[in-house]
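*Asks:* Handing over input.cif, mmCIF, C-alpha atoms.
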```
data_final
loop_
_atom_site.label_atom_id
_atom_site.label_comp_id
_atom_site.auth_asym_id
_atom_site.auth_seq_id
_atom_site.Cartn_x
_atom_site.Cartn_y
_atom_site.Cartn_z
CA MET A 1 3.81 2.06 -25.98
CA LYS A 2 6.87 4.11 -26.88
CA VAL A 3 10.40 3.84 -25.53
CA GLU A 4 13.32 6.09 -26.25
CA GLY A 5 16.73 6.86 -24.90
CA THR A 6 20.40 7.29 -25.63
CA TYR A 7 23.55 5.38 -24.80
CA THR A 8 27.13 6.59 -25.22
CA PHE A 9 30.05 4.34 -26.12
CA ALA A 10 33.74 5.19 -25.92
CA ALA A 11 34.41 3.78 -29.38
CA SER A 12 34.12 4.73 -33.03
CA ARG A 13 30.88 4.48 -34.95
CA GLN A 14 32.35 1.83 -37.27
CA LYS A 15 33.22 -0.34 -34.30
CA ILE A 16 29.74 -0.06 -32.74
CA TRP A 17 28.05 -0.62 -36.09
CA ALA A 18 30.06 -3.82 -36.59
CA LEU A 19 29.09 -5.09 -33.11
CA LEU A 20 25.39 -4.37 -33.67
CA ASN A 21 25.49 -6.36 -36.90
CA ASP A 22 27.33 -9.36 -35.50
CA PRO A 23 24.92 -12.23 -34.79
CA GLY A 24 27.29 -13.64 -32.18
CA VAL A 25 27.26 -10.34 -30.31
CA LEU A 26 23.49 -9.97 -30.64
CA ALA A 27 23.00 -13.43 -29.20
CA ARG A 28 25.24 -12.65 -26.24
CA VAL A 29 23.94 -9.19 -25.38
CA THR A 30 20.20 -9.35 -26.07
CA PRO A 31 18.55 -9.92 -22.68
CA GLY A 32 17.17 -13.42 -22.31
CA VAL A 33 18.35 -14.83 -25.65
CA THR A 34 19.17 -18.52 -25.38
CA ALA A 35 19.47 -19.16 -29.12
CA LEU A 36 19.75 -16.97 -32.22
CA THR A 37 19.74 -18.77 -35.56
CA PRO A 38 20.30 -16.93 -38.87
CA GLN A 39 17.38 -17.36 -41.25
CA GLY A 40 18.49 -15.32 -44.24
CA PRO A 41 20.12 -11.90 -44.55
CA ASP A 42 19.68 -9.88 -41.37
CA THR A 43 16.92 -12.14 -40.10
CA TYR A 44 17.22 -14.42 -37.10
CA LYS A 45 15.04 -16.87 -35.30
CA ALA A 46 15.29 -16.23 -31.56
CA THR A 47 14.47 -18.12 -28.39
CA LEU A 48 14.25 -16.02 -25.25
CA GLU A 49 13.84 -16.72 -21.58
CA LEU A 50 13.07 -13.49 -19.82
CA ALA A 51 12.72 -12.97 -16.12
CA VAL A 52 11.46 -9.69 -14.70
CA GLY A 53 11.43 -10.31 -10.99
CA PRO A 54 9.02 -13.17 -10.29
CA VAL A 55 7.56 -13.05 -13.81
CA LYS A 56 9.38 -15.56 -15.95
CA GLY A 57 8.47 -16.57 -19.46
CA ALA A 58 9.84 -18.31 -22.54
CA TYR A 59 9.28 -16.69 -25.92
CA ASP A 60 9.90 -17.71 -29.52
CA GLY A 61 10.35 -15.05 -32.10
CA LYS A 62 12.08 -13.37 -34.96
CA VAL A 63 14.60 -10.54 -34.99
CA SER A 64 15.36 -8.66 -38.19
CA ILE A 65 17.40 -5.64 -39.18
CA THR A 66 16.08 -3.46 -42.00
CA ASP A 67 16.66 -0.07 -43.59
CA LYS A 68 20.37 -0.14 -42.96
CA THR A 69 22.41 2.97 -43.70
CA PRO A 70 25.93 2.03 -42.52
CA PRO A 71 27.17 3.17 -40.12
CA GLU A 72 24.49 5.55 -38.94
CA ARG A 73 21.01 4.11 -38.93
CA MET A 74 19.14 0.81 -38.74
CA ILE A 75 15.71 -0.46 -37.81
CA LEU A 76 15.43 -3.45 -35.51
CA GLN A 77 12.24 -5.46 -35.55
CA VAL A 78 11.35 -8.01 -32.93
CA GLU A 79 8.33 -10.27 -32.96
CA GLY A 80 7.70 -12.93 -30.44
CA GLY A 81 5.17 -14.86 -28.48
CA GLY A 82 4.93 -17.08 -25.45
CA LYS A 83 2.46 -18.13 -22.79
CA PRO A 84 2.31 -14.71 -21.10
CA GLY A 85 1.56 -12.84 -24.36
CA THR A 86 2.93 -11.56 -27.63
CA ILE A 87 5.12 -8.63 -28.53
CA ARG A 88 5.76 -6.83 -31.78
CA ALA A 89 8.33 -4.07 -31.52
CA THR A 90 10.11 -1.77 -33.91
CA GLY A 91 13.11 0.28 -32.89
CA GLU A 92 15.11 2.81 -34.81
CA LEU A 93 18.78 3.23 -33.91
CA HIS A 94 20.78 6.34 -34.85
CA LEU A 95 24.54 6.34 -34.35
CA ASP A 96 26.30 9.69 -34.05
CA GLU A 97 30.03 10.09 -33.61
CA GLN A 98 31.17 12.89 -31.30
CA ASP A 99 34.89 13.31 -30.45
CA GLY A 100 35.67 9.64 -30.88
CA ARG A 101 32.60 8.58 -28.88
CA THR A 102 29.45 7.12 -30.35
CA VAL A 103 26.05 8.22 -29.16
CA VAL A 104 23.29 5.76 -29.98
CA ARG A 105 19.82 7.25 -29.93
CA TYR A 106 17.01 4.73 -29.92
CA SER A 107 13.29 5.17 -30.25
CA GLY A 108 10.88 2.32 -30.42
CA ASP A 109 7.27 1.39 -30.42
CA ALA A 110 5.95 -1.87 -29.04
CA GLN A 111 2.58 -3.54 -29.21
CA ILE A 112 1.96 -6.06 -26.50
CA THR A 113 -1.00 -8.39 -26.15
CA GLY A 114 -2.15 -11.14 -23.83
CA LEU A 115 -1.93 -11.54 -20.08
CA ILE A 116 1.25 -9.47 -19.84
CA ALA A 117 -0.54 -6.52 -21.45
CA SER A 118 -3.66 -6.72 -19.30
CA VAL A 119 -1.88 -7.30 -15.99
CA GLY A 120 1.45 -5.60 -16.57
CA HIS A 121 0.47 -2.59 -18.64
CA ARG A 122 1.70 -0.07 -16.07
CA LEU A 123 5.11 -1.78 -15.86
CA ILE A 124 5.94 -2.40 -19.49
CA GLY A 125 7.47 1.03 -20.19
CA GLY A 126 9.96 0.73 -17.36
CA VAL A 127 10.81 -2.86 -18.15
CA ALA A 128 11.41 -2.04 -21.83
CA ARG A 129 13.86 0.69 -20.86
CA GLN A 130 15.55 -1.65 -18.42
CA LEU A 131 15.99 -4.29 -21.15
CA ALA A 132 17.28 -1.69 -23.65
CA ASP A 133 19.81 -0.58 -21.05
CA GLN A 134 20.91 -4.18 -20.42
CA PHE A 135 21.34 -4.63 -24.17
CA PHE A 136 23.58 -1.56 -24.57
CA LYS A 137 25.57 -2.41 -21.45
CA GLY A 138 26.16 -5.82 -23.03
CA VAL A 139 27.41 -4.17 -26.22
CA GLU A 140 29.74 -2.03 -24.11
CA LYS A 141 31.18 -5.14 -22.46
CA GLU A 142 31.96 -6.53 -25.92
CA LEU A 143 34.26 -3.53 -26.48
CA ARG A 144 36.59 -4.62 -23.71
CA PRO A 145 39.35 -7.05 -24.60
CA ARG A 146 38.66 -10.53 -23.31
CA MET B 1 -6.97 -19.55 -11.65
CA ILE B 2 -4.88 -22.27 -10.06
CA PRO B 3 -1.13 -21.88 -9.63
CA ALA B 4 1.34 -24.25 -11.26
CA SER B 5 2.47 -26.93 -8.84
CA PHE B 6 5.29 -26.09 -6.45
CA GLU B 7 7.01 -27.55 -3.44
CA TYR B 8 6.19 -25.75 -0.19
CA PHE B 9 8.53 -25.14 2.75
CA SER B 10 7.73 -23.56 6.06
CA PRO B 11 11.02 -23.00 7.90
CA ARG B 12 10.97 -21.88 11.55
CA THR B 13 14.20 -19.87 11.58
CA VAL B 14 15.95 -17.37 9.31
CA PRO B 15 19.04 -19.61 8.85
CA ASP B 16 16.76 -22.50 7.76
CA ALA B 17 15.09 -20.22 5.21
CA VAL B 18 18.48 -19.00 3.98
CA ASN B 19 19.62 -22.61 3.57
CA LEU B 20 16.63 -23.27 1.31
CA LEU B 21 17.58 -20.27 -0.79
CA VAL B 22 21.16 -21.51 -0.99
CA ARG B 23 19.89 -24.92 -2.12
CA TYR B 24 17.31 -23.78 -4.67
CA GLY B 25 18.61 -20.38 -5.81
CA GLN B 26 16.54 -18.66 -8.49
CA GLU B 27 14.00 -21.50 -8.51
CA ALA B 28 12.84 -20.52 -5.03
CA LYS B 29 10.59 -17.64 -4.07
CA LEU B 30 9.98 -16.26 -0.60
CA LEU B 31 6.38 -15.89 0.53
CA ALA B 32 5.59 -13.19 3.10
CA GLY B 33 2.11 -11.60 2.97
CA GLY B 34 1.61 -13.06 -0.49
CA HIS B 35 -0.43 -10.15 -1.82
CA SER B 36 1.85 -9.60 -4.79
CA LEU B 37 3.30 -13.08 -5.31
CA VAL B 38 0.12 -15.12 -5.00
CA PRO B 39 -1.87 -13.17 -7.65
CA LEU B 40 1.08 -13.56 -10.03
CA MET B 41 1.18 -17.30 -9.30
CA LYS B 42 -2.56 -17.64 -9.83
CA LEU B 43 -2.18 -16.03 -13.25
CA ARG B 44 0.84 -18.30 -13.79
CA LEU B 45 2.95 -15.28 -14.65
CA ALA B 46 5.12 -16.52 -11.82
CA ALA B 47 5.63 -20.26 -11.40
CA PRO B 48 8.35 -20.80 -8.79
CA ARG B 49 9.35 -24.43 -8.28
CA TYR B 50 9.85 -23.88 -4.54
CA VAL B 51 7.93 -21.56 -2.24
CA VAL B 52 9.56 -20.72 1.09
CA ASP B 53 6.89 -19.40 3.48
CA LEU B 54 8.38 -17.00 6.05
CA ASN B 55 5.22 -16.64 8.15
CA ARG B 56 6.14 -19.24 10.77
CA ILE B 57 9.48 -17.65 11.57
CA ALA B 58 9.15 -16.07 15.01
CA GLY B 59 10.69 -12.73 15.84
CA LEU B 60 10.46 -11.02 12.46
CA SER B 61 7.48 -8.86 13.34
CA TYR B 62 8.21 -5.88 15.60
CA ILE B 63 8.37 -2.10 15.75
CA ARG B 64 10.89 -0.72 18.22
CA GLU B 65 12.98 2.33 18.84
CA GLY B 66 16.46 2.51 20.29
CA ASP B 67 20.12 3.31 19.67
CA GLY B 68 19.22 6.13 17.32
CA ALA B 69 17.07 3.98 15.05
CA LEU B 70 13.51 2.89 14.46
CA CYS B 71 13.64 -0.83 13.60
CA ILE B 72 10.76 -2.60 11.87
CA GLY B 73 10.82 -6.36 11.41
CA ALA B 74 10.35 -7.48 7.82
CA LEU B 75 7.21 -9.51 8.57
CA THR B 76 5.42 -6.56 10.19
CA ARG B 77 2.07 -6.13 8.43
CA HIS B 78 1.14 -2.78 6.90
CA GLY B 79 -1.86 -2.68 9.24
CA GLU B 80 0.35 -3.11 12.32
CA ILE B 81 2.36 -0.07 11.25
CA GLU B 82 -0.84 1.84 10.51
CA THR B 83 -2.22 1.22 14.01
CA SER B 84 1.03 1.43 16.00
CA ASP B 85 0.87 4.15 18.66
CA LEU B 86 4.60 4.75 18.35
CA ILE B 87 4.37 5.25 14.58
CA ARG B 88 1.30 7.46 14.86
CA ALA B 89 2.88 9.64 17.52
CA ARG B 90 6.38 10.02 16.11
CA TYR B 91 6.61 8.94 12.46
CA PRO B 92 3.95 10.77 10.41
CA LEU B 93 5.61 9.81 7.10
CA LEU B 94 5.14 6.11 7.89
CA ALA B 95 1.71 6.57 9.46
CA ASP B 96 0.48 8.40 6.35
CA ALA B 97 1.96 5.82 3.96
CA ALA B 98 0.64 2.79 5.85
CA ARG B 99 -2.95 3.98 5.77
CA VAL B 100 -3.06 4.49 1.99
CA ILE B 101 -1.56 1.15 0.96
CA SER B 102 -4.21 -0.70 -1.03
CA ASP B 103 -7.21 -1.68 1.15
CA PRO B 104 -7.60 -3.08 4.70
CA LEU B 105 -7.57 -6.71 3.53
CA VAL B 106 -4.19 -6.25 1.89
CA ARG B 107 -2.88 -4.21 4.81
CA ASN B 108 -3.79 -7.00 7.23
CA MET B 109 -1.62 -9.50 5.34
CA GLY B 110 0.95 -7.59 3.29
CA THR B 111 4.32 -6.99 4.96
CA ILE B 112 6.79 -4.13 4.80
CA GLY B 113 9.66 -6.47 3.94
CA GLY B 114 7.70 -8.25 1.23
CA SER B 115 6.62 -4.99 -0.33
CA LEU B 116 10.19 -3.63 -0.44
CA ALA B 117 11.72 -6.90 -1.71
CA HIS B 118 9.07 -7.14 -4.44
CA ALA B 119 10.29 -3.69 -5.63
CA ASP B 120 7.20 -2.74 -7.56
CA PRO B 121 7.62 0.92 -8.58
CA ALA B 122 4.03 1.44 -7.39
CA GLY B 123 4.83 0.14 -3.90
CA ASP B 124 4.21 2.88 -1.34
CA TRP B 125 6.92 1.73 1.08
CA GLY B 126 9.67 2.25 -1.51
CA ALA B 127 8.94 5.95 -1.87
CA ALA B 128 8.35 6.37 1.87
CA MET B 129 11.66 4.69 2.75
CA LEU B 130 13.58 6.80 0.21
CA ALA B 131 12.03 9.88 1.82
CA GLY B 132 12.87 8.65 5.31
CA GLY B 133 16.50 7.75 4.56
CA ALA B 134 16.05 4.09 5.51
CA GLU B 135 18.41 1.15 5.47
CA VAL B 136 17.40 -2.45 4.96
CA VAL B 137 19.01 -5.41 6.65
CA ALA B 138 19.65 -8.38 4.38
CA THR B 139 20.50 -11.72 5.97
CA GLY B 140 22.35 -14.34 3.95
CA PRO B 141 24.60 -17.34 4.63
CA GLY B 142 27.29 -14.97 5.98
CA GLY B 143 24.92 -13.21 8.39
CA PRO B 144 23.27 -9.81 8.15
CA ARG B 145 24.47 -6.76 6.20
CA THR B 146 22.84 -3.36 5.78
CA ILE B 147 22.01 -1.78 2.44
CA SER B 148 21.17 1.90 2.06
CA ILE B 149 17.74 2.33 0.51
CA ASP B 150 19.38 4.63 -2.05
CA ARG B 151 21.21 1.65 -3.51
CA PHE B 152 18.46 -0.92 -2.94
CA PHE B 153 16.16 -0.49 -5.95
CA GLU B 154 18.03 -1.53 -9.09
CA GLY B 155 15.10 -1.87 -11.49
CA THR B 156 11.47 -2.86 -11.80
CA PHE B 157 11.18 -5.90 -9.46
CA VAL B 158 14.98 -5.90 -9.11
CA THR B 159 16.80 -5.14 -5.84
CA ALA B 160 20.30 -5.32 -4.41
CA LEU B 161 19.29 -8.46 -2.48
CA ARG B 162 21.32 -11.50 -3.52
CA PRO B 163 19.43 -14.68 -4.45
CA ASP B 164 20.41 -16.25 -1.09
CA GLU B 165 19.46 -13.25 1.07
CA ILE B 166 16.30 -12.45 2.99
CA LEU B 167 15.26 -8.91 3.86
CA THR B 168 14.91 -9.18 7.63
CA GLU B 169 14.61 -5.61 8.94
CA VAL B 170 14.03 -2.01 7.91
CA ARG B 171 15.74 0.77 9.86
CA LEU B 172 15.07 4.48 9.89
CA PRO B 173 16.80 7.30 11.76
CA GLN B 174 15.10 7.73 15.13
CA ALA B 175 12.74 10.71 15.33
CA VAL B 176 14.44 13.87 16.60
CA LYS B 177 13.16 17.29 17.59
CA GLY B 178 12.16 19.28 14.51
CA GLN B 179 11.36 16.19 12.47
CA GLY B 180 8.35 16.19 10.17
CA GLY B 181 7.02 13.96 7.46
CA ALA B 182 4.09 13.34 5.17
CA TYR B 183 2.97 10.93 2.47
CA LEU B 184 0.34 11.97 -0.04
CA LYS B 185 -1.14 9.76 -2.71
CA LEU B 186 -3.54 10.32 -5.57
CA GLU B 187 -5.39 7.19 -6.62
CA ARG B 188 -8.30 6.60 -9.00
CA LYS B 189 -10.21 4.67 -6.36
CA VAL B 190 -9.46 3.17 -2.96
CA GLY B 191 -7.20 0.16 -3.26
CA ASP B 192 -5.73 1.11 -6.61
CA PHE B 193 -2.06 1.76 -7.22
CA ALA B 194 -1.10 5.42 -7.12
CA ILE B 195 -1.39 7.68 -10.15
CA ALA B 196 1.47 9.26 -8.24
CA ALA B 197 2.43 9.54 -4.60
CA VAL B 198 5.04 11.61 -2.79
CA GLY B 199 6.73 11.03 0.55
CA VAL B 200 8.64 13.71 2.45
CA GLY B 201 10.83 13.31 5.50
CA LEU B 202 12.64 16.34 6.88
CA VAL B 203 14.35 17.80 9.90
CA LEU B 204 14.19 21.52 10.67
CA ASP B 205 16.98 23.14 12.65
CA GLY B 206 16.42 26.76 13.66
CA GLY B 207 13.90 27.31 10.91
CA THR B 208 16.02 25.94 8.07
CA CYS B 209 16.07 22.44 6.55
CA ALA B 210 18.84 20.29 7.98
CA ARG B 211 17.75 17.08 6.30
CA VAL B 212 15.26 16.52 3.48
CA GLY B 213 14.26 13.33 1.70
CA ILE B 214 11.67 13.18 -1.07
CA GLY B 215 10.49 9.83 -2.46
CA LEU B 216 8.29 9.41 -5.53
CA CYS B 217 5.94 6.48 -6.16
CA ASN B 218 4.87 5.01 -9.52
CA VAL B 219 6.45 7.66 -11.71
CA GLY B 220 9.46 5.72 -12.97
CA PRO B 221 10.84 2.22 -13.46
CA THR B 222 11.55 2.07 -9.70
CA SER B 223 10.61 4.06 -6.62
CA LEU B 224 12.54 7.29 -7.12
CA ARG B 225 14.36 9.71 -4.89
CA ALA B 226 13.92 13.37 -5.93
CA GLU B 227 17.49 14.14 -5.01
CA LYS B 228 17.90 17.57 -6.62
CA ALA B 229 14.59 18.77 -5.22
CA ALA B 230 15.62 17.65 -1.72
CA ARG B 231 19.07 19.19 -2.02
CA SER B 232 17.61 22.53 -3.13
CA LEU B 233 16.04 22.89 0.32
CA ILE B 234 19.04 22.06 2.49
CA GLY B 235 20.16 25.01 4.58
CA ARG B 236 17.16 27.08 3.47
CA LYS B 237 13.93 28.21 5.01
CA PRO B 238 11.10 26.14 3.56
CA ASP B 239 9.10 29.22 2.49
CA ASP B 240 6.57 29.28 -0.35
CA ALA B 241 9.16 30.12 -3.00
CA ALA B 242 11.57 27.37 -1.92
CA VAL B 243 8.76 24.80 -1.71
CA ALA B 244 7.44 25.75 -5.16
CA ARG B 245 10.93 25.49 -6.64
CA ALA B 246 11.55 22.09 -5.04
CA ALA B 247 8.17 20.84 -6.27
CA GLU B 248 9.01 21.88 -9.83
CA THR B 249 12.40 20.21 -9.56
CA ALA B 250 10.81 16.97 -8.34
CA ALA B 251 8.39 17.05 -11.28
CA ALA B 252 11.35 17.41 -13.64
CA GLU B 253 13.23 14.58 -11.92
CA CYS B 254 10.50 11.94 -12.20
CA ASP B 255 10.13 9.68 -15.18
CA PRO B 256 6.49 8.64 -15.63
CA ALA B 257 5.04 6.70 -18.56
CA ASP B 258 1.70 7.12 -20.32
CA ASP B 259 -0.72 4.44 -19.17
CA LEU B 260 -4.29 3.84 -18.06
CA ARG B 261 -3.70 6.12 -15.06
CA GLY B 262 -3.00 9.09 -17.31
CA PRO B 263 -0.47 10.66 -19.62
CA ALA B 264 3.07 11.33 -18.43
CA ASP B 265 2.63 15.13 -18.42
CA TYR B 266 -0.36 14.86 -16.13
CA LYS B 267 1.52 12.60 -13.71
CA ARG B 268 4.43 15.01 -13.67
CA ASP B 269 2.08 17.78 -12.64
CA VAL B 270 0.53 15.56 -9.96
CA VAL B 271 4.06 15.05 -8.60
CA ARG B 272 4.60 18.82 -8.54
CA VAL B 273 1.36 19.47 -6.65
CA LEU B 274 1.77 16.56 -4.20
CA THR B 275 5.42 17.46 -3.50
CA ALA B 276 4.45 21.01 -2.58
CA ARG B 277 1.58 19.83 -0.36
CA ALA B 278 3.65 17.12 1.32
CA LEU B 279 6.50 19.55 2.00
CA ARG B 280 4.12 22.09 3.54
CA LEU B 281 2.46 19.44 5.68
CA ALA B 282 5.81 18.02 6.81
CA VAL B 283 7.06 21.49 7.74
CA GLN B 284 3.86 22.20 9.67
CA ARG B 285 4.26 18.94 11.58
CA ALA B 286 7.94 19.63 12.24
CA ARG B 287 7.04 22.99 13.74
CA GLY B 288 4.38 21.39 15.89
CA GLY B 289 7.08 19.43 17.72
CA ALA B 290 8.81 16.10 17.14
#
```
Could you spell out this file's structure in structure tokens?
*Replies:*
Amino acid sequence: MKVEGTYTFAASRQKIWALLNDPGVLARVTPGVTALTPQGPDTYKATLELAVGPVKGAYDGKVSITDKTPPERMILQVEGGGKPGTIRATGELHLDEQDGRTVVRYSGDAQITGLIASVGHRLIGGVARQLADQFFKGVEKELRPR
Amino acid sequence: MIPASFEYFSPRTVPDAVNLLVRYGQEAKLLAGGHSLVPLMKLRLAAPRYVVDLNRIAGLSYIREGDGALCIGALTRHGEIETSDLIRARYPLLADAARVISDPLVRNMGTIGGSLAHADPAGDWGAAMLAGGAEVVATGPGGPRTISIDRFFEGTFVTALRPDEILTEVRLPQAVKGQGGAYLKLERKVGDFAIAAVGVGLVLDGGTCARVGIGLCNVGPTSLRAEKAARSLIGRKPDDAAVARAAETAAAECDPADDLRGPADYKRDVVRVLTARALRLAVQRARGGA
């Protein structure tokens, strides 16, 4: 299952790159994350509680960032499992600066197994995009002064 | 397949049900026809702590016309809409949609309010209501408020309803002279979700389109409104060229995913074909009188 899209930020590429590499930010903006514990360079142990409408589940997993080319490209890998099923996803992020704005292009591939895959197959694409959008909206919020 | 344990409530009035939502918030789930919620509970994909059954609340099941609106109570079953003489005579968009929802067993239990509040992108009522220009009435602790259907679907299974609100009514503009509608669905077999479905609601005035709504089912993360396609017809004669152009625009506006029902390109083309057919049928019905 493939997901792709773009998101535009009114900030420099350096700024967005720094946010995407900040574990505190990742913990706050990744949908459903209740805990994110560093486990070595660019690797985190994650606990998620995700609710998509009536479907709620708790997942344990690992998030890692690889193939970094600051400040333009990174690969995010997410692996996790819970009662409803397991997910293994890889996403490539490209950051382009255009007139002081940063356009993030993402493309990802996810393998999903278990009950979620057999029952929710037709919904997973839409939900993945929805979660990606929530993630980037969260990053955008981090840009505003608090 | 046995659900996780839950506490069951069966309030007799809307305010009582709202109070339960206020008390239990996200831990509570409303039960209407149960044909989406109960399967999810049996698989334990959903395990609400509190289930608030709306079925014993009187006065939430009705279909009536007046004051410029068609009002349908949230607990009205799909089958009641399907067999309503009023709907059959004056609201072809709704009559068409009601008869292709799942199978008769589901239609006898499933409700229009439950279907809309569940906000499954494959729900037929979502696309039909977007085509018909509906409003929903949400009742919370502060009383009722209306929400335009255009702002209602926020995501897959996500709506503009607040956690302490109940969808109590659906309203559509009352049928006028020159009104036509149609809902066409392609499914792999009876009772399946749509590969794609298209709803059209329109009003012709002197041969040109005064109002057009086009709703698309199961070709995006939510029910979708083909806004550009609809707008391209306003003020124009719905001739073959205009219909073909609108159908192509609708196909470009939808956002299907590859899945067991077919690749995205195929679904896009199904949307194009169904949009053209639904528009032609709606126009034909509009010309045949209101």
*Asks:* Residues of chain A within 12 Å of chain B, counting all atoms listed in the file - could you list those as a ChimeraX atom specification?
*Replies:* /A:1-4,50-58,82-85,114-131,133-134
*Asks:* Under the PyMOL selection byres ((chain B and resi 275) around 8), which residues of this model are included? Write them out as a list in words.
*Replies:*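 Applying the expression gives Val198, Gly199, Val200, Ile214, Ala246, Ala247, Ala250, Val271, Arg272, Val273, Leu274, Ala276, Arg277, Ala278 and Leu279 of chain B.
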*Asks:* Please evaluate the PyMOL selection byres ((chain A and resi 79) around 7) against the structure above and give the resulting residues as a PyMOL selection string.
*Replies:* chain A and resi 61-63+77-78+80+87-89
*Asks:* Could you state the separation of atom CA of A:Gly108 and atom CA of A:Thr90 in Å, given to one decimal place?
*Replies:*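 These atoms are spaced 5.4 Å apart.
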*Asks:* Have a look at atom CA of B:Leu224 and atom CA of B:Thr146 and let me know their distance in Å, one decimal.
*Replies:* 19.6 Å
*Asks:* In the coordinates of the file, take the point (-4.9, -21.7, -10.2) and a cut-off of 10 Å; then, counting only C-alpha atoms, name each qualifying protein, DNA or RNA residue as a list in words.
*Replies:*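 Counting only C-alpha atoms, I find these residues within 10 Å of (-4.9, -21.7, -10.2): Met1, Ile2, Pro3, Ala4, Ser5, Val38, Pro39, Met41, Lys42, Leu43 and Arg44 of chain B.
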*Asks:* Any chance you could export the current selection's C-alpha atoms as a CSV table (one decimal), keeping the file's coordinate frame?
*Replies:*
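What landed in result.csv:
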```csv
chain,number,residue,atom,x,y,z
B,1,MET,CA,-7.0,-19.6,-11.6
B,2,ILE,CA,-4.9,-22.3,-10.1
B,3,PRO,CA,-1.1,-21.9,-9.6
B,4,ALA,CA,1.3,-24.2,-11.3
B,5,SER,CA,2.5,-26.9,-8.8
B,38,VAL,CA,0.1,-15.1,-5.0
B,39,PRO,CA,-1.9,-13.2,-7.6
B,41,MET,CA,1.2,-17.3,-9.3
B,42,LYS,CA,-2.6,-17.6,-9.8
B,43,LEU,CA,-2.2,-16.0,-13.2
B,44,ARG,CA,0.8,-18.3,-13.8
```
*Asks:* Which residues, named as in the file, does the PyMOL selection byres ((chain A and resi 13) around 8) pick out? Answer as a PDB file with C-alpha atoms, in the coordinates of the input.
*Replies:*
```pdb
ATOM      1  CA  ALA A  11      34.410   3.780 -29.380  1.00  0.00           C
ATOM      2  CA  SER A  12      34.120   4.730 -33.030  1.00  0.00           C
ATOM      3  CA  GLN A  14      32.350   1.830 -37.270  1.00  0.00           C
ATOM      4  CA  LYS A  15      33.220  -0.340 -34.300  1.00  0.00           C
ATOM      5  CA  ILE A  16      29.740  -0.060 -32.740  1.00  0.00           C
ATOM      6  CA  TRP A  17      28.050  -0.620 -36.090  1.00  0.00           C
ATOM      7  CA  PRO A  71      27.170   3.170 -40.120  1.00  0.00           C
ATOM      8  CA  GLU A  72      24.490   5.550 -38.940  1.00  0.00           C
ATOM      9  CA  LEU A  95      24.540   6.340 -34.350  1.00  0.00           C
ATOM     10  CA  ASP A  96      26.300   9.690 -34.050  1.00  0.00           C
ATOM     11  CA  GLU A  97      30.030  10.090 -33.610  1.00  0.00           C
ATOM     12  CA  ARG A 101      32.600   8.580 -28.880  1.00  0.00           C
ATOM     13  CA  THR A 102      29.450   7.120 -30.350  1.00  0.00           C
TER      14      THR A 102
END
```
*Asks:* To one decimal in Å, tell me the separation between atom CA of B:Gly68 and atom CA of B:Glu135.
*Replies:*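 Spanning atom CA of B:Gly68 to atom CA of B:Glu135 is a straight-line distance of 12.9 Å.
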*Asks:* For A:Leu76, which residue out of A:Leu48, A:Arg105, A:Pro145, A:Asp42 is the nearest one, using only C-alpha atoms?
*Replies:*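 Answer, going by the shortest atom-to-atom distance: A:Asp42.
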*Asks:* How would you write as a list in words the residues that get within 12 Å of (31.3, -5.8, -25.0) in the file's frame, counting all atoms listed in the file?
*Replies:* Phe9, Ala10, Ala11, Lys15, Ile16, Ala18, Leu19, Leu20, Asp22, Gly24, Val25, Leu26, Arg28, Val29, Thr30, Gln134, Phe135, Phe136, Lys137, Gly138, Val139, Glu140, Lys141, Glu142, Leu143, Arg144, Pro145 and Arg146 of chain A
*Asks:* Go through A:Thr43, A:Ala110, A:Leu93, A:Ala35 and flag the residue nearest A:Thr69, using only C-alpha atoms for the distances.
*Replies:*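 Under the stated criterion, the closest residue is A:Leu93.
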*Asks:* Please output stretch 77-84 of chain B, rebuilt to include N, CA and C atoms, as a compact mmCIF listing (two decimals), keeping the file's coordinate frame.
*Replies:*
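After the write, selection-v8.txt holds the following:
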```txt
# COMPACT_ATOMS: atom_id res chain seq x y z
N ARG B 77 3.13 -6.40 9.42
CA ARG B 77 2.07 -6.13 8.43
C ARG B 77 1.86 -4.62 8.30
N HIS B 78 1.42 -4.21 7.12
CA HIS B 78 1.14 -2.78 6.90
C HIS B 78 0.17 -2.26 7.97
N GLY B 79 -0.83 -3.09 8.29
CA GLY B 79 -1.86 -2.68 9.24
C GLY B 79 -1.30 -2.49 10.65
N GLU B 80 -0.26 -3.27 10.99
CA GLU B 80 0.35 -3.11 12.32
C GLU B 80 1.10 -1.78 12.41
N ILE B 81 1.67 -1.36 11.28
CA ILE B 81 2.36 -0.07 11.25
C ILE B 81 1.33 1.05 11.31
N GLU B 82 0.24 0.85 10.56
CA GLU B 82 -0.84 1.84 10.51
C GLU B 82 -1.41 2.12 11.90
N THR B 83 -1.55 1.07 12.72
CA THR B 83 -2.22 1.22 14.01
C THR B 83 -1.25 1.35 15.19
N SER B 84 0.06 1.34 14.91
CA SER B 84 1.03 1.43 16.00
C SER B 84 1.00 2.82 16.64
```
